[in-house]
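Raw structure-v7.csv, CSV, C-alpha atoms and all ligand atoms:
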chain,number,residue,atom,x,y,z
A,212,MET,CA,-11.6,-20.1,3.0
A,213,ALA,CA,-8.3,-18.3,2.5
A,214,GLN,CA,-8.3,-14.6,3.3
A,215,GLN,CA,-7.9,-12.7,0.0
A,216,TYR,CA,-6.0,-9.4,-0.5
A,217,ARG,CA,-5.2,-7.5,-3.6
A,218,ILE,CA,-1.8,-5.8,-3.3
A,219,THR,CA,-0.5,-3.1,-5.6
A,220,LEU,CA,3.2,-3.2,-6.1
A,221,LEU,CA,5.1,0.0,-7.0
A,222,PRO,CA,8.7,-1.0,-7.5
A,223,GLY,CA,9.7,2.4,-8.8
A,224,ASP,CA,13.3,3.2,-9.6
A,225,GLY,CA,16.9,2.2,-8.8
A,226,ILE,CA,17.2,-0.7,-6.5
A,227,GLY,CA,13.3,-0.7,-6.2
A,228,PRO,CA,12.6,-3.7,-8.5
A,229,GLU,CA,15.3,-5.9,-6.9
A,230,ILE,CA,14.1,-5.4,-3.3
A,231,MET,CA,10.5,-5.6,-4.3
A,232,ASN,CA,11.1,-9.1,-5.9
A,233,VAL,CA,12.4,-10.3,-2.5
A,234,ALA,CA,9.5,-8.9,-0.6
A,235,VAL,CA,7.0,-10.5,-2.9
A,236,ASP,CA,8.7,-13.9,-2.6
A,237,VAL,CA,8.6,-13.5,1.2
A,238,LEU,CA,4.9,-12.6,1.0
A,239,LYS,CA,4.3,-15.8,-1.0
A,240,VAL,CA,5.8,-17.8,1.8
A,241,VAL,CA,3.6,-15.9,4.3
A,242,GLY,CA,0.6,-16.7,2.2
A,243,LYS,CA,1.2,-20.4,2.3
A,244,LYS,CA,1.9,-20.4,6.1
A,245,PHE,CA,-1.1,-18.3,7.1
A,246,ASP,CA,-3.6,-19.3,4.4
A,247,ILE,CA,-3.6,-15.9,2.9
A,248,ASP,CA,-4.3,-15.5,-0.9
A,249,PHE,CA,-2.4,-12.5,-2.2
A,250,THR,CA,-3.1,-11.2,-5.7
A,251,PHE,CA,-0.3,-8.9,-6.9
A,252,GLN,CA,-0.7,-6.1,-9.5
A,253,GLU,CA,2.1,-3.9,-10.5
A,254,ALA,CA,2.0,-0.2,-11.6
A,255,PRO,CA,4.7,2.3,-12.7
A,256,VAL,CA,5.5,5.3,-10.5
A,257,GLY,CA,8.4,7.8,-10.3
A,258,GLY,CA,11.1,7.8,-13.0
A,259,ALA,CA,10.0,4.5,-14.4
A,260,ALA,CA,6.6,6.0,-15.0
A,261,ILE,CA,8.1,9.2,-16.5
A,262,ASP,CA,10.0,7.1,-19.0
A,263,LEU,CA,6.9,5.1,-19.9
A,264,THR,CA,4.2,7.7,-19.9
A,265,GLY,CA,5.8,11.1,-19.4
A,266,GLU,CA,4.2,11.5,-15.9
A,267,PRO,CA,5.5,10.5,-12.5
A,268,LEU,CA,2.1,9.2,-11.4
A,269,PRO,CA,-0.1,8.1,-14.3
A,270,ALA,CA,-3.8,8.2,-13.5
A,271,ASP,CA,-4.0,4.4,-14.1
A,272,SER,CA,-1.4,3.8,-11.4
A,273,LEU,CA,-3.3,5.8,-8.9
A,274,GLU,CA,-6.5,4.1,-9.8
A,275,MET,CA,-4.9,0.7,-9.4
A,276,CYS,CA,-3.7,1.7,-5.9
A,277,ARG,CA,-7.3,2.8,-5.0
A,278,ASN,CA,-8.6,-0.5,-6.1
A,279,SER,CA,-6.4,-2.5,-3.7
A,280,ASP,CA,-6.3,-3.5,-0.1
A,281,ALA,CA,-2.8,-2.2,0.4
A,282,VAL,CA,0.1,-0.7,-1.6
A,283,LEU,CA,3.7,-1.8,-1.3
A,284,LEU,CA,6.1,0.8,-2.6
A,285,ALA,CA,9.9,0.4,-3.0
A,286,ALA,CA,11.7,3.7,-3.9
A,287,ILE,CA,11.7,6.4,-6.6
A,288,GLY,CA,14.1,8.8,-8.1
A,289,GLY,CA,17.5,8.9,-9.7
A,290,TYR,CA,20.2,11.1,-11.4
A,291,LYS,CA,18.5,10.6,-14.7
A,292,TRP,CA,15.5,12.7,-13.8
A,293,ASP,CA,17.3,15.3,-11.6
A,294,HIS,CA,17.3,18.0,-14.2
A,295,LEU,CA,13.5,18.1,-14.5
A,296,PRO,CA,11.5,20.8,-12.7
A,297,PRO,CA,10.1,19.8,-9.3
A,298,ASN,CA,6.5,19.2,-10.5
A,299,GLN,CA,7.7,16.7,-13.2
A,300,ARG,CA,10.2,14.9,-11.1
A,301,PRO,CA,9.8,11.4,-9.7
A,302,GLU,CA,9.3,12.9,-6.2
A,303,ALA,CA,6.1,14.6,-7.5
A,304,GLY,CA,4.7,11.1,-8.1
A,305,LEU,CA,5.3,10.3,-4.5
A,306,LEU,CA,3.6,13.5,-3.3
A,307,GLY,CA,0.8,12.9,-5.7
A,308,LEU,CA,0.3,9.4,-4.3
A,309,ARG,CA,0.2,10.7,-0.7
A,310,ALA,CA,-2.3,13.5,-1.7
A,311,GLY,CA,-4.4,11.3,-4.0
A,312,LEU,CA,-4.9,8.5,-1.5
A,313,GLU,CA,-5.2,11.1,1.4
A,314,LEU,CA,-2.4,9.4,3.4
A,315,PHE,CA,-2.2,12.0,6.1
A,316,ALA,CA,-0.4,9.9,8.7
A,317,ASN,CA,3.1,8.7,8.2
A,318,LEU,CA,4.5,6.3,10.8
A,319,ARG,CA,8.3,6.0,10.8
A,320,PRO,CA,9.7,3.7,13.5
A,321,ALA,CA,13.4,3.9,14.4
A,322,LYS,CA,14.3,1.0,16.6
A,323,ILE,CA,17.8,-0.1,17.4
A,324,ILE,CA,18.3,-3.7,16.2
A,325,PRO,CA,20.6,-5.3,18.8
A,326,GLN,CA,22.6,-7.2,16.3
A,327,LEU,CA,23.4,-4.0,14.4
A,328,ILE,CA,24.0,-1.6,17.3
A,329,ASP,CA,27.6,-1.0,16.3
A,330,ALA,CA,26.4,0.3,12.9
A,331,SER,CA,25.3,3.5,14.7
A,332,THR,CA,27.7,6.4,14.6
A,333,LEU,CA,26.7,7.3,18.2
A,334,LYS,CA,28.0,5.6,21.3
A,335,ARG,CA,26.5,2.3,22.3
A,336,GLU,CA,25.3,3.6,25.7
A,337,VAL,CA,23.5,6.5,24.0
A,338,VAL,CA,21.5,4.4,21.4
A,339,GLU,CA,21.1,1.0,23.2
A,340,GLY,CA,17.4,0.4,23.6
A,341,VAL,CA,16.3,3.3,21.4
A,342,ASP,CA,12.7,2.7,20.1
A,343,ILE,CA,11.1,5.7,18.7
A,344,LEU,CA,8.0,6.2,16.5
A,345,VAL,CA,7.8,9.4,14.5
A,346,VAL,CA,4.3,10.2,13.4
A,347,ARG,CA,4.6,12.7,10.6
A,348,GLU,CA,1.7,14.6,9.2
A,349,LEU,CA,2.0,13.9,5.4
A,350,THR,CA,-0.6,15.7,3.3
A,351,GLY,CA,-0.5,19.2,4.7
A,352,GLY,CA,1.9,21.9,6.0
A,353,ILE,CA,4.4,23.7,3.9
A,354,TYR,CA,4.6,20.8,1.4
A,355,PHE,CA,1.1,21.5,0.1
A,356,GLY,CA,0.2,25.0,1.5
A,357,LYS,CA,-0.9,27.8,-0.9
A,358,PRO,CA,0.1,30.3,-2.1
A,359,ARG,CA,3.2,28.7,-3.5
A,360,GLY,CA,5.4,29.4,-6.5
A,361,ILE,CA,8.0,31.8,-7.8
A,362,PHE,CA,6.6,35.2,-8.5
A,363,ALA,CA,8.1,38.3,-10.1
A,364,SER,CA,7.4,41.5,-8.2
A,365,GLU,CA,6.8,44.9,-9.7
A,366,THR,CA,10.5,45.7,-9.6
A,367,GLY,CA,11.2,42.4,-11.5
A,368,GLU,CA,12.8,40.8,-8.5
A,369,LYS,CA,11.6,37.2,-8.1
A,370,ARG,CA,10.2,35.9,-4.8
A,371,GLY,CA,9.9,32.2,-3.9
A,372,VAL,CA,6.9,31.4,-1.7
A,373,ASN,CA,5.6,28.5,0.2
A,374,THR,CA,3.0,28.5,2.9
A,375,MET,CA,3.0,26.5,6.1
A,376,VAL,CA,-0.6,26.0,7.0
A,377,TYR,CA,-2.6,23.6,9.2
A,378,SER,CA,-6.3,23.7,9.9
A,379,GLU,CA,-7.7,22.5,13.1
A,380,SER,CA,-9.2,19.3,11.5
A,381,GLU,CA,-5.8,18.4,10.0
A,382,ILE,CA,-4.1,18.8,13.3
A,383,ASP,CA,-6.8,16.8,15.2
A,384,ARG,CA,-6.8,13.8,12.9
A,385,ILE,CA,-3.0,13.4,13.0
A,386,ALA,CA,-3.1,14.0,16.8
A,387,HIS,CA,-5.6,11.1,17.2
A,388,VAL,CA,-3.4,8.8,15.2
A,389,ALA,CA,-0.4,9.8,17.4
A,390,PHE,CA,-2.1,9.5,20.7
A,391,GLU,CA,-3.5,6.1,19.8
A,392,ALA,CA,-0.1,4.9,18.6
A,393,ALA,CA,1.6,6.2,21.8
A,394,ARG,CA,-1.0,4.3,23.8
A,395,LYS,CA,0.0,1.0,22.1
A,396,ARG,CA,3.7,1.7,22.9
A,397,GLY,CA,5.3,3.5,25.9
A,398,SER,CA,2.3,6.0,26.4
A,399,LYS,CA,4.6,9.0,26.0
A,400,LEU,CA,4.0,11.5,23.2
A,401,CYS,CA,6.2,14.5,22.4
A,402,SER,CA,4.7,17.0,20.0
A,403,VAL,CA,7.3,19.0,18.0
A,404,ASP,CA,6.6,22.5,16.7
A,405,LYS,CA,8.1,26.0,16.4
A,406,ALA,CA,5.4,27.7,18.5
A,407,ASN,CA,7.9,30.3,19.8
A,408,VAL,CA,8.0,31.8,16.2
A,409,LEU,CA,5.2,30.4,14.0
A,410,ASP,CA,1.5,31.1,14.3
A,411,VAL,CA,0.7,27.8,12.6
A,412,SER,CA,2.6,26.1,15.4
A,413,GLN,CA,0.7,28.0,18.1
A,414,LEU,CA,-2.5,26.5,16.7
A,415,TRP,CA,-0.8,23.1,16.5
A,416,ARG,CA,0.2,23.2,20.1
A,417,SER,CA,-3.1,24.4,21.4
A,418,ARG,CA,-5.0,21.7,19.6
A,419,ILE,CA,-2.7,18.9,20.7
A,420,THR,CA,-2.9,20.2,24.3
A,421,GLU,CA,-6.7,20.2,24.0
A,422,LEU,CA,-7.0,16.7,22.6
A,423,ALA,CA,-4.6,15.3,25.3
A,424,LYS,CA,-7.6,15.6,27.7
A,425,GLU,CA,-9.1,12.6,25.8
A,426,TYR,CA,-5.9,10.6,26.5
A,427,PRO,CA,-5.2,11.0,30.2
A,428,ASP,CA,-3.1,7.8,30.1
A,429,VAL,CA,-0.7,9.3,27.6
A,430,GLU,CA,2.0,11.6,29.0
A,431,LEU,CA,2.3,14.6,26.6
A,432,SER,CA,5.2,16.9,26.2
A,433,HIS,CA,6.1,19.7,23.7
A,434,LEU,CA,9.5,20.6,22.2
A,435,TYR,CA,10.5,23.2,19.7
A,436,VAL,CA,11.9,21.6,16.6
A,437,ASP,CA,15.5,22.9,17.1
A,438,ASN,CA,15.6,21.5,20.6
A,439,ALA,CA,14.0,18.2,19.5
A,440,ALA,CA,16.7,17.8,16.8
A,441,MET,CA,19.4,18.4,19.5
A,442,GLN,CA,17.7,16.0,22.0
A,443,LEU,CA,17.4,13.3,19.4
A,444,VAL,CA,21.2,13.1,19.0
A,445,ARG,CA,22.0,13.9,22.7
A,446,ALA,CA,19.7,11.6,24.5
A,447,PRO,CA,17.3,9.7,22.2
A,448,LYS,CA,16.1,7.3,24.8
A,449,GLN,CA,13.9,10.0,26.3
A,450,PHE,CA,11.6,9.7,23.3
A,451,ASP,CA,8.8,7.2,22.7
A,452,THR,CA,6.3,8.6,20.2
A,453,ILE,CA,6.9,11.9,18.4
A,454,VAL,CA,4.2,13.8,16.5
A,455,THR,CA,4.9,16.6,14.2
A,456,GLY,CA,4.1,18.4,10.9
A,457,ASN,CA,5.2,17.5,7.4
A,458,LEU,CA,8.5,19.4,7.1
A,459,PHE,CA,9.7,18.9,10.7
A,460,GLY,CA,8.8,15.3,10.4
A,461,ASP,CA,10.7,14.9,7.2
A,462,ILE,CA,13.8,16.2,8.9
A,463,LEU,CA,13.5,14.6,12.3
A,464,SER,CA,12.6,11.2,10.9
A,465,ASP,CA,15.8,11.1,8.9
A,466,ALA,CA,17.8,12.0,12.1
A,467,ALA,CA,15.9,9.4,14.1
A,468,ALA,CA,16.6,6.8,11.3
A,469,MET,CA,20.3,7.5,11.5
A,470,LEU,CA,20.4,6.8,15.2
A,471,THR,CA,20.1,3.2,14.3
A,472,GLY,CA,23.0,3.5,11.7
A,473,SER,CA,21.1,1.2,9.4
A,474,ILE,CA,18.7,3.1,7.3
A,475,GLY,CA,18.6,0.0,5.0
A,476,MET,CA,16.6,-1.7,7.7
A,477,LEU,CA,13.8,0.7,8.3
A,478,PRO,CA,10.2,0.4,7.1
A,479,SER,CA,7.4,3.0,7.1
A,480,ALA,CA,3.7,3.2,6.8
A,481,SER,CA,1.5,6.0,5.3
A,482,LEU,CA,-2.1,5.7,6.3
A,483,GLY,CA,-5.4,7.5,5.6
A,484,SER,CA,-8.8,7.3,7.1
A,485,SER,CA,-10.1,4.9,4.4
A,486,GLY,CA,-7.9,2.0,5.7
A,487,LEU,CA,-5.8,1.9,2.6
A,488,GLY,CA,-2.1,2.4,3.3
A,489,VAL,CA,1.2,2.7,1.4
A,490,PHE,CA,4.1,0.8,2.9
A,491,GLU,CA,7.7,1.6,1.9
A,492,PRO,CA,11.2,1.6,3.1
A,493,VAL,CA,12.7,4.8,4.6
A,494,HIS,CA,15.7,4.6,2.3
A,495,GLY,CA,15.8,5.8,-1.2
A,496,SER,CA,16.4,4.3,-4.6
A,497,ALA,CA,20.2,4.1,-4.3
A,498,PRO,CA,20.9,4.6,-8.1
A,499,ASP,CA,24.6,4.1,-7.5
A,500,ILE,CA,24.1,0.4,-6.8
A,501,ALA,CA,21.0,-0.3,-8.9
A,502,GLY,CA,21.0,-3.5,-10.8
A,503,GLU,CA,24.2,-4.8,-9.0
A,504,ASP,CA,22.5,-7.1,-6.6
A,505,LYS,CA,24.1,-5.3,-3.6
A,506,ALA,CA,21.0,-3.7,-2.1
A,507,ASN,CA,19.7,-4.6,1.3
A,508,PRO,CA,16.1,-6.0,0.8
A,509,LEU,CA,15.3,-6.1,4.5
A,510,ALA,CA,13.6,-2.7,4.9
A,511,GLN,CA,11.4,-3.6,2.0
A,512,VAL,CA,10.6,-7.0,3.6
A,513,LEU,CA,9.9,-5.2,6.9
A,514,SER,CA,7.6,-2.8,5.1
A,515,ALA,CA,5.7,-5.8,3.9
A,516,ALA,CA,5.5,-6.8,7.6
A,517,MET,CA,4.2,-3.3,8.5
A,518,MET,CA,1.6,-3.7,5.7
A,519,LEU,CA,0.4,-6.9,7.3
A,520,ARG,CA,0.3,-5.3,10.8
A,521,TYR,CA,-1.2,-1.9,10.0
A,522,GLY,CA,-2.8,-2.3,6.6
A,523,LEU,CA,-4.3,-5.9,6.7
A,524,ASN,CA,-4.6,-6.5,10.4
A,525,GLN,CA,-2.5,-9.7,10.3
A,526,PRO,CA,-0.2,-9.2,13.3
A,527,ALA,CA,0.9,-12.9,13.5
A,528,ALA,CA,2.1,-12.8,9.9
A,529,ALA,CA,3.9,-9.6,10.6
A,530,ASP,CA,5.6,-11.1,13.7
A,531,TYR,CA,6.6,-14.1,11.6
A,532,ILE,CA,8.5,-12.0,9.1
A,533,GLU,CA,10.1,-9.8,11.7
A,534,ASN,CA,11.3,-12.8,13.7
A,535,GLY,CA,12.7,-14.3,10.4
A,536,VAL,CA,14.7,-11.1,9.8
A,537,SER,CA,16.1,-11.1,13.4
A,538,GLN,CA,17.1,-14.7,12.8
A,539,VAL,CA,19.1,-14.1,9.6
A,540,LEU,CA,20.9,-11.2,11.4
A,541,GLN,CA,21.5,-13.5,14.3
A,542,ASN,CA,23.0,-16.0,11.9
A,543,GLY,CA,25.6,-13.4,10.9
A,544,LEU,CA,24.2,-12.7,7.5
A,545,ARG,CA,24.7,-9.1,6.2
A,546,THR,CA,24.4,-7.0,3.1
A,547,GLY,CA,27.1,-4.5,2.3
A,548,ASP,CA,25.4,-1.5,4.1
A,549,ILE,CA,25.3,-3.3,7.4
A,550,MET,CA,28.5,-5.4,7.0
A,551,SER,CA,31.0,-5.7,9.9
A,552,SER,CA,33.9,-8.0,10.6
A,553,GLY,CA,33.3,-11.6,11.1
A,554,MET,CA,29.9,-11.5,9.4
A,555,SER,CA,29.0,-13.1,6.0
A,556,LEU,CA,28.5,-10.7,3.1
A,557,LEU,CA,25.5,-11.5,0.9
A,558,GLY,CA,23.9,-9.8,-2.1
A,559,CYS,CA,20.3,-8.8,-2.3
A,560,ARG,CA,19.0,-12.0,-3.8
A,561,ALA,CA,21.0,-14.2,-1.5
A,562,MET,CA,19.8,-12.3,1.5
A,563,GLY,CA,16.3,-12.8,0.3
A,564,ASP,CA,16.8,-16.5,-0.3
A,565,ALA,CA,18.4,-17.0,3.2
A,566,LEU,CA,15.4,-15.3,4.8
A,567,ILE,CA,13.0,-17.4,2.8
A,568,LYS,CA,14.8,-20.6,3.9
A,569,THR,CA,14.7,-19.4,7.5
A,570,LEU,CA,11.0,-18.6,7.3
A,571,GLU,CA,10.2,-22.0,5.7
A,572,GLU,CA,11.9,-23.8,8.5
A,573,VAL,CA,9.7,-22.1,11.2
A,574,LYS,CA,7.2,-24.6,12.7
A,575,GLN,CA,3.7,-23.1,12.9
A,601,LIG,C1,10.5,11.4,2.4
A,601,LIG,C2,11.2,12.0,1.3
A,601,LIG,C3,10.2,12.8,0.5
A,601,LIG,C4,9.7,13.9,1.4
A,601,LIG,C5,10.8,13.4,-0.8
A,601,LIG,C6,11.4,12.3,-1.7
A,601,LIG,C7,9.7,14.1,-1.6
A,601,LIG,O1,12.3,12.8,1.7
A,601,LIG,O2,9.7,10.5,2.2
A,601,LIG,O3,10.9,11.7,3.6
A,601,LIG,O4,10.3,15.0,1.5
A,601,LIG,O5,8.6,13.6,2.0
A,602,MG,MG,12.6,12.7,3.8

Structure rendered as structure tokens:
Amino acid sequence: MAQQYRITLLPGDGIGPEIMNVAVDVLKVVGKKFDIDFTFQEAPVGGAAIDLTGEPLPADSLEMCRNSDAVLLAAIGGYKWDHLPPNQRPEAGLLGLRAGLELFANLRPAKIIPQLIDASTLKREVVEGVDILVVRELTGGIYFGKPRGIFASETGEKRGVNTMVYSESEIDRIAHVAFEAARKRGSKLCSVDKANVLDVSQLWRSRITELAKEYPDVELSHLYVDNAAMQLVRAPKQFDTIVTGNLFGDILSDAAAMLTGSIGMLPSASLGSSGLGVFEPVHGSAPDIAGEDKANPLAQVLSAAMMLRYGLNQPAAADYIENGVSQVLQNGLRTGDIMSSGMSLLGCRAMGDALIKTLEEVKQ
């Protein structure tokens, strides 16, 4: 009997719906090839949900996610909602989803794609062969720490407050994910903190050091976040797996993504302990090109591959998609964001169709 999965689709805003359509069509091809029976259910999040219901993450949407085997998210946000206060913006929907599903581990791979190496702004010899996985803690740290808010003091002067806080158990669970991930890759883990200044980082560093005893096969190092940022652009090949807290991970994963020069190609996974994960491209909703059929759908497609690999334990199906993506790039097909001379420029739909054709041609 065919394996059955219920997938919640969150197309969100901007280019989200266009790229999601492509990913779903690719998954339908995968389903046929691998005898997998996908049921897709769609729910509003972000700006689309604000327009529809007044909230960036309606309770029904969260419930639908909970009642599925995996969640595929496109992107949220746009100029239209920029004037709203932080807790009512589309971004609040994303943070609510992470917290609501307890997705504490965010995996953000940044791997140079050989066909696109010249898209990097760094020299070829610096980035050739870069293959980094950033493991970012996603439901703690300064993003969620309390107290938080803007408070008026007795003198009437306002103070803005956020709190960077990590408990031992929060550090331990992300550390285990990172050590395990490093073990499956190059067996090198670099933990990034600011232990020369922050108490929270001192606890972070001591827990990571303690847990490293359980992973003698993984080589552990520590860097302060400022140095890590510098090393990422100076000599990125020294890194294999990086583990860090929520805020540092937000910043460093963008820097790591840009090493590849093609943020339109990068997927990510957010995982919890229940096995349910959310899979989404690293790039945003690109409202400037929304609805123009110019978006690159490949990060969304590769997010679907990550969903198969990390969320549904279907590594062969993930390989099949990833190989198809390499093949279309090898054939010289490009969307605008990764275009270079001599290549063929395609729109979002045409890129999706070319990929589907390539996938259908693969002999199993
Ligand atoms: C990311 C984004 C989000 C974050 C924003 C949109 C809330 O930058 O996923 O990295 O800061 O986590
Ligand atoms: Mg970010």

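Only residues having an atom at most 8 Å from (-2.6, 9.6, 0.9) are included; using only C-alpha atoms, these are Leu308, Arg309, Ala310, Gly311, Leu312, Glu313, Leu314, Phe315, Leu349, Thr350, Ser481, Leu482, Gly483, Gly488 and Val489 of chain A.
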
Gln299 in chain A proximity check over A:Ile247, A:Ala316, A:Leu268, A:Cys276, using only C-alpha atoms: winner is A:Leu268

Min atom-atom distance to ligand MG 602 (chain A) from the set A:Val338, A:Ile549, A:Ala565, A:Val493, counting only C-alpha atoms and all ligand atoms, belongs to A:Val493

Using all atoms listed in the file, determine which residues fall within 9 Å of ligand MG 602 (chain A), then list them as a ChimeraX atom specification.
/A:458,460-465,493-494

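You will find CA of Asn457 in chain A at 9.7 Å from atom C3 of ligand LIG 601 (chain A).
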
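In this model, the gap between CA of Gln525 in chain A and CA of Ala254 in chain A comes to 24.3 Å.
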
Counting all atoms listed in the file, closest pick from A:Ile226, A:Ala480, A:Met375, A:Leu470 relative to ligand LIG 601 (chain A) is A:Ala480

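With CA of Glu229 in chain A on one side and CA of Ala516 in chain A on the other, the separation reads 17.5 Å.
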
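Distances from A:Ser417, A:Ser272, A:Ser432, A:Ser473 to Leu400 in chain A were compared using only C-alpha atoms, and the smallest one belongs to A:Ser432.
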
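Neighbours of range 356-366 of chain A closer than or equal to 12 Å, with all atoms listed in the file counted and sequence neighbours fewer than 4 positions away skipped, come out as Pro297, Asn298, Leu349, Thr350, Gly351, Gly352, Arg370, Gly371, Val372, Asn373, Thr374, Met375, Val376, Tyr377, Ser378, Val411, Asn457 and Leu458 of chain A.
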
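When all atoms listed in the file are used to compute distances to Ile353 in chain A, the closest of the residues A:Ser412, A:Gly535, A:Val403, A:Ser555 turns out to be A:Ser412.
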
Nearest to Thr420 in chain A, restricted to only C-alpha atoms and choosing among A:Ile343, A:Ala260, A:Val337, A:Ala386, comes out as A:Ala386

Report task. Write out as a list in words which residues come within 9 Å of Arg384 in chain A when counting all atoms listed in the file, dropping same-chain ones fewer than 4 positions away. Result -> Phe315, Ala316, Glu379, Ser380, Val388, Ala389 and Ser484 of chain A

Show which residues sit within 7 Å of Leu220 in chain A, as a ChimeraX atom specification. Count all atoms listed in the file, and ignore same-chain residues fewer than 3 positions away.
/A:251-254,282-284

Writer output for current selection, C-alpha atoms, as a PDB file, in the coordinates of the input:
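For reference, again-v9.pdb as written:
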ATOM      1  CA  PHE A 251      -0.300  -8.900  -6.900  1.00  0.00           C
ATOM      2  CA  GLN A 252      -0.700  -6.100  -9.500  1.00  0.00           C
ATOM      3  CA  GLU A 253       2.100  -3.900 -10.500  1.00  0.00           C
ATOM      4  CA  ALA A 254       2.000  -0.200 -11.600  1.00  0.00           C
ATOM      5  CA  VAL A 282       0.100  -0.700  -1.600  1.00  0.00           C
ATOM      6  CA  LEU A 283       3.700  -1.800  -1.300  1.00  0.00           C
ATOM      7  CA  LEU A 284       6.100   0.800  -2.600  1.00  0.00           C
TER       8      LEU A 284
END

List the spatial neighbours of range 440-447 of chain A as an mmCIF file with C-alpha atoms, in the coordinates of the input - criterion: any atom at most 12 Å away, only C-alpha atoms, same-chain residues fewer than 3 positions off excluded.
data_model
loop_
_atom_site.group_PDB
_atom_site.id
_atom_site.type_symbol
_atom_site.label_atom_id
_atom_site.label_comp_id
_atom_site.auth_asym_id
_atom_site.auth_seq_id
_atom_site.Cartn_x
_atom_site.Cartn_y
_atom_site.Cartn_z
ATOM 1 C CA ALA A 321 13.400 3.900 14.400
ATOM 2 C CA LYS A 322 14.300 1.000 16.600
ATOM 3 C CA ILE A 323 17.800 -0.100 17.400
ATOM 4 C CA SER A 331 25.300 3.500 14.700
ATOM 5 C CA THR A 332 27.700 6.400 14.600
ATOM 6 C CA LEU A 333 26.700 7.300 18.200
ATOM 7 C CA LYS A 334 28.000 5.600 21.300
ATOM 8 C CA ARG A 335 26.500 2.300 22.300
ATOM 9 C CA GLU A 336 25.300 3.600 25.700
ATOM 10 C CA VAL A 337 23.500 6.500 24.000
ATOM 11 C CA VAL A 338 21.500 4.400 21.400
ATOM 12 C CA GLU A 339 21.100 1.000 23.200
ATOM 13 C CA GLY A 340 17.400 0.400 23.600
ATOM 14 C CA VAL A 341 16.300 3.300 21.400
ATOM 15 C CA ASP A 342 12.700 2.700 20.100
ATOM 16 C CA ILE A 343 11.100 5.700 18.700
ATOM 17 C CA LEU A 344 8.000 6.200 16.500
ATOM 18 C CA VAL A 345 7.800 9.400 14.500
ATOM 19 C CA CYS A 401 6.200 14.500 22.400
ATOM 20 C CA VAL A 403 7.300 19.000 18.000
ATOM 21 C CA ASP A 404 6.600 22.500 16.700
ATOM 22 C CA LYS A 405 8.100 26.000 16.400
ATOM 23 C CA LEU A 434 9.500 20.600 22.200
ATOM 24 C CA TYR A 435 10.500 23.200 19.700
ATOM 25 C CA VAL A 436 11.900 21.600 16.600
ATOM 26 C CA ASP A 437 15.500 22.900 17.100
ATOM 27 C CA PHE A 450 11.600 9.700 23.300
ATOM 28 C CA ASP A 451 8.800 7.200 22.700
ATOM 29 C CA THR A 452 6.300 8.600 20.200
ATOM 30 C CA ILE A 453 6.900 11.900 18.400
ATOM 31 C CA PHE A 459 9.700 18.900 10.700
ATOM 32 C CA GLY A 460 8.800 15.300 10.400
ATOM 33 C CA ASP A 461 10.700 14.900 7.200
ATOM 34 C CA ILE A 462 13.800 16.200 8.900
ATOM 35 C CA LEU A 463 13.500 14.600 12.300
ATOM 36 C CA SER A 464 12.600 11.200 10.900
ATOM 37 C CA ASP A 465 15.800 11.100 8.900
ATOM 38 C CA ALA A 466 17.800 12.000 12.100
ATOM 39 C CA ALA A 467 15.900 9.400 14.100
ATOM 40 C CA ALA A 468 16.600 6.800 11.300
ATOM 41 C CA MET A 469 20.300 7.500 11.500
ATOM 42 C CA LEU A 470 20.400 6.800 15.200
ATOM 43 C CA THR A 471 20.100 3.200 14.300
#

* **Nearby residues (only C-alpha atoms) at most 12 Å from Arg560 in chain A, same-chain spacing under 4 positions excluded, as number ranges by chain** => A: 226, 228-234, 236-237, 502-509, 545-546, 556, 564-567

For range 563-568 of chain A, where the input has fewer atoms than it should, I would like N, CA, C and O atoms rebuilt and written as a compact mmCIF listing (two decimals), keeping the file's coordinate frame.
# COMPACT_ATOMS: atom_id res chain seq x y z
N GLY A 563 17.66 -12.44 0.44
CA GLY A 563 16.30 -12.80 0.30
C GLY A 563 16.09 -14.33 0.43
O GLY A 563 15.22 -14.83 1.17
N ASP A 564 16.95 -15.07 -0.27
CA ASP A 564 16.80 -16.50 -0.30
C ASP A 564 17.11 -17.09 1.14
O ASP A 564 16.46 -18.03 1.58
N ALA A 565 18.10 -16.49 1.81
CA ALA A 565 18.40 -17.00 3.20
C ALA A 565 17.23 -16.72 4.10
O ALA A 565 16.88 -17.57 4.93
N LEU A 566 16.60 -15.57 3.94
CA LEU A 566 15.40 -15.30 4.80
C LEU A 566 14.28 -16.23 4.49
O LEU A 566 13.64 -16.75 5.41
N ILE A 567 14.06 -16.51 3.21
CA ILE A 567 13.00 -17.40 2.80
C ILE A 567 13.22 -18.81 3.40
O ILE A 567 12.31 -19.46 3.93
N LYS A 568 14.47 -19.23 3.34
CA LYS A 568 14.80 -20.60 3.90
C LYS A 568 14.53 -20.57 5.39
O LYS A 568 13.91 -21.50 5.92
